[in-house]
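Asker: Have a look at this one before I ask anything.
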Amino acid sequence: MDSDEAAARLARTDRSTRLSARSGAWLTAAVVAAAVLAVGVVVDLGLVWLSGLVALGVAGLWGARALRPRLDWSDRVGSALVVGGAVLAVVAYLGVQLAVRAAGWPAPHTCSALAAAVVVLVVCRAGFQRLASTGAGARGRTR
Amino acid sequence: MSAEADDPEGASTRLDPLLHEPARLTLLATLAPAEYVEFSALLRLVGVSKSALSKHVSALAEAGIVVVTNAPTDKRVRRIALSEQGRRSFDAYLRRLEQIVRSARGPVRPAAAEHDGGR
């Protein structure tokens with residue numbers, strides 16, 4: 001095998017690894033975002049009994065993911081993105097709720113959960129993707 | 001002289017013929033960042049036919065490169081994961097490819113090596 005072919009194979013491998021890491025990160029972040037959104041809706045509806053069903057549904061979704069990313073928490077940037085994203089999601093939840101209540105809109109918890117879900121999908125998802133790429137042997141993010 | 005002859009480690013890190021098939025390499029690259037991937041998702045990500053993927057998975061499972069299990073919630077769903085041996089083989093294969101690419105760029109100049117060593 002010559003070096004051009006080897007380089008082409010490496011590039012193709014990296015593309016596949018990145019695609020897989022991205023899919024796994026999206027799936028995981030989507031389940032977390034759905035859980036956050038469901039909590040907001042349940043709190044607004046005031047149906048405490050529904051939270052049990054929501055917890056079961058989220059656990060079912062978590063276990064039924066078609067692709068589970070292999071997260072390597074030794075990557076500091078990836079870990080910081082996930083943890084920082086979680087903190088930012090809480091801040092967004094509280095901040096949006098204050099604004100929604102001040103504006104007198106209905107369903108403040110649902111609105112703030114929506115904001116938190118967006119933060120999870122943007123920031124935490126990027127962190128999951130980085131951690132998964134690192135788990136694949138650090139090749140996905142270096143090229 | 002070939003790069004393999006120059007490198008004493010070359011013999012131990014020759015390209016594994018089992019992984020050399022492009023579709024298998026794509027399959028392993030897809031499995032590498034995952035704990036497991038379901039067959040249907042793998043089909044979409046690898047982009048080969050169902051029967052071709054099934055054959056590749058069977059060959060790799062027979063060689064101990066991948067492990068096939070059933071999902072606990074639905075026994076019809078197959079989950080494919082890289083085994084520890086598979087992960088090592090895949091890493092060795094990629095290292096060998098990198099070695100080939102590096103060797104084509106030429107050896108490190110002695111002056112540059114000394115400069116790096118003096119740091």
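The way I read the labels, and the way they are meant: chains A, B, ... in the order of the structure tokens, residue 1 as the first residue of every chain, and ligand 1 as the first ligand shown, with later ones counted on from there.
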Write out as a PyMOL selection string which residues come within 9 Å of Gly135 of chain A when counting only C-alpha atoms, dropping same-chain ones fewer than 6 positions away.
Answerer: (chain A and resi 69-73+75) or (chain B and resi 32-34)
Asker: Take the residues just selected and output them with N, CA and C atoms as a compact mmCIF listing (two decimals), in the first residue's frame.
Answerer:
# COMPACT_ATOMS: atom_id res chain seq x y z
N PRO A 69 -22.74 6.21 22.84
CA PRO A 69 -21.35 6.67 22.68
C PRO A 69 -20.46 6.20 23.83
N ARG A 70 -19.21 5.96 23.51
CA ARG A 70 -18.24 5.56 24.52
C ARG A 70 -17.54 6.84 24.97
N LEU A 71 -17.92 7.33 26.14
CA LEU A 71 -17.42 8.62 26.58
C LEU A 71 -16.13 8.47 27.39
N ASP A 72 -15.11 9.19 26.95
CA ASP A 72 -13.84 9.17 27.65
C ASP A 72 -13.71 10.49 28.42
N TRP A 73 -13.95 10.40 29.73
CA TRP A 73 -14.01 11.62 30.54
C TRP A 73 -12.64 12.21 30.83
N ASP A 75 -10.84 13.64 28.68
CA ASP A 75 -10.69 14.84 27.86
C ASP A 75 -11.27 16.03 28.63
N ALA B 32 -15.90 2.30 16.79
CA ALA B 32 -14.84 2.75 17.72
C ALA B 32 -15.31 3.77 18.77
N PRO B 33 -16.09 4.82 18.38
CA PRO B 33 -16.48 5.78 19.42
C PRO B 33 -17.75 5.38 20.17
N ALA B 34 -18.18 4.12 20.04
CA ALA B 34 -19.45 3.70 20.64
C ALA B 34 -19.27 2.50 21.57
Asker: What are the residues of chain B that have an atom within 7 Å of an atom of chain A, counting only C-alpha atoms, as a PyMOL selection string?
Answerer: chain B and resi 25-26+29-30+32-38+41+97+100-101+104
Asker: Pick out the residues sitting within 10 Å of Tyr93 of chain B, and hand them over as a PDB file with C-alpha atoms, in the first residue's frame; count only C-alpha atoms, and ignore anything fewer than 2 positions along from it in its own chain.
Answerer:
ATOM      1  CA  LEU A  10      -7.130   7.240   7.381  1.00  0.00           C
TER       2      LEU A  10
ATOM      3  CA  THR B  13       2.215  -4.212  12.985  1.00  0.00           C
ATOM      4  CA  ARG B  14       1.575  -5.422   9.439  1.00  0.00           C
ATOM      5  CA  LEU B  15      -1.791  -4.527   7.943  1.00  0.00           C
ATOM      6  CA  ASP B  16      -4.325  -7.020   9.197  1.00  0.00           C
ATOM      7  CA  PRO B  17      -5.954  -8.571   6.074  1.00  0.00           C
ATOM      8  CA  LEU B  19      -9.545  -5.310   8.516  1.00  0.00           C
ATOM      9  CA  HIS B  20      -8.178  -4.319   5.123  1.00  0.00           C
ATOM     10  CA  LEU B  25     -12.677  -0.554   8.118  1.00  0.00           C
ATOM     11  CA  ARG B  87     -10.078  -2.287  19.613  1.00  0.00           C
ATOM     12  CA  ARG B  88      -6.405  -3.279  19.848  1.00  0.00           C
ATOM     13  CA  SER B  89      -6.368  -4.648  16.281  1.00  0.00           C
ATOM     14  CA  PHE B  90      -8.083  -1.547  14.927  1.00  0.00           C
ATOM     15  CA  ASP B  91      -5.643   0.760  16.752  1.00  0.00           C
ATOM     16  CA  ARG B  95      -0.983   3.088  13.656  1.00  0.00           C
ATOM     17  CA  ARG B  96       0.398   1.110  10.739  1.00  0.00           C
ATOM     18  CA  LEU B  97      -1.420   3.367   8.244  1.00  0.00           C
ATOM     19  CA  GLU B  98      -0.016   6.432  10.020  1.00  0.00           C
ATOM     20  CA  GLN B  99       3.432   4.847   9.877  1.00  0.00           C
TER      21      GLN B  99
END
Asker: Name the residues of segment 36-84 of chain A that come out as alpha helix (DSSP H) in a backbone DSSP run; write them as a PyMOL selection string.
Answerer: chain A and resi 36-45+48-63+76-84
Asker: Please dump the current selection as a PDB file, in the first residue's frame; keep C-alpha atoms.
Answerer:
ATOM      1  CA  VAL A  36     -35.644  18.316  30.820  1.00  0.00           C
ATOM      2  CA  LEU A  37     -38.603  19.379  28.686  1.00  0.00           C
ATOM      3  CA  ALA A  38     -40.823  16.674  30.181  1.00  0.00           C
ATOM      4  CA  VAL A  39     -39.980  17.831  33.719  1.00  0.00           C
ATOM      5  CA  GLY A  40     -40.941  21.414  32.789  1.00  0.00           C
ATOM      6  CA  VAL A  41     -44.284  20.316  31.331  1.00  0.00           C
ATOM      7  CA  VAL A  42     -45.080  18.060  34.296  1.00  0.00           C
ATOM      8  CA  VAL A  43     -44.351  20.861  36.796  1.00  0.00           C
ATOM      9  CA  ASP A  44     -46.559  23.303  34.846  1.00  0.00           C
ATOM     10  CA  LEU A  45     -49.386  20.790  34.636  1.00  0.00           C
ATOM     11  CA  VAL A  48     -46.967  14.859  40.254  1.00  0.00           C
ATOM     12  CA  TRP A  49     -48.114  11.310  39.468  1.00  0.00           C
ATOM     13  CA  LEU A  50     -47.072  11.896  35.847  1.00  0.00           C
ATOM     14  CA  SER A  51     -43.441  12.339  36.907  1.00  0.00           C
ATOM     15  CA  GLY A  52     -43.216   8.594  37.571  1.00  0.00           C
ATOM     16  CA  LEU A  53     -44.332   7.848  34.019  1.00  0.00           C
ATOM     17  CA  VAL A  54     -41.913  10.463  32.686  1.00  0.00           C
ATOM     18  CA  ALA A  55     -39.049   8.886  34.631  1.00  0.00           C
ATOM     19  CA  LEU A  56     -39.963   5.470  33.202  1.00  0.00           C
ATOM     20  CA  GLY A  57     -40.198   6.887  29.694  1.00  0.00           C
ATOM     21  CA  VAL A  58     -36.815   8.611  29.958  1.00  0.00           C
ATOM     22  CA  ALA A  59     -35.197   5.440  31.340  1.00  0.00           C
ATOM     23  CA  GLY A  60     -36.730   3.492  28.447  1.00  0.00           C
ATOM     24  CA  LEU A  61     -35.439   5.996  25.876  1.00  0.00           C
ATOM     25  CA  TRP A  62     -31.996   5.974  27.512  1.00  0.00           C
ATOM     26  CA  GLY A  63     -31.753   2.213  27.298  1.00  0.00           C
ATOM     27  CA  ARG A  76     -10.808  18.050  29.857  1.00  0.00           C
ATOM     28  CA  VAL A  77     -12.427  20.236  27.188  1.00  0.00           C
ATOM     29  CA  GLY A  78     -15.161  17.672  26.556  1.00  0.00           C
ATOM     30  CA  SER A  79     -15.818  17.207  30.280  1.00  0.00           C
ATOM     31  CA  ALA A  80     -15.895  20.990  30.771  1.00  0.00           C
ATOM     32  CA  LEU A  81     -18.408  21.338  27.929  1.00  0.00           C
ATOM     33  CA  VAL A  82     -20.730  18.721  29.432  1.00  0.00           C
ATOM     34  CA  VAL A  83     -20.478  20.002  33.023  1.00  0.00           C
ATOM     35  CA  GLY A  84     -20.503  23.659  31.928  1.00  0.00           C
TER      36      GLY A  84
END
Asker: Record the distance separating atom CA of Tyr93 of chain A and atom CA of Ala34 of chain A, expressed in Å with one decimal.
Answerer: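 Computing it gives 14.2 Å between the two atoms.
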Asker: Atom CA of Arg44 of chain B to atom CA of Gly85 of chain A: how many Å, to one decimal?
Answerer: 29.3 Å
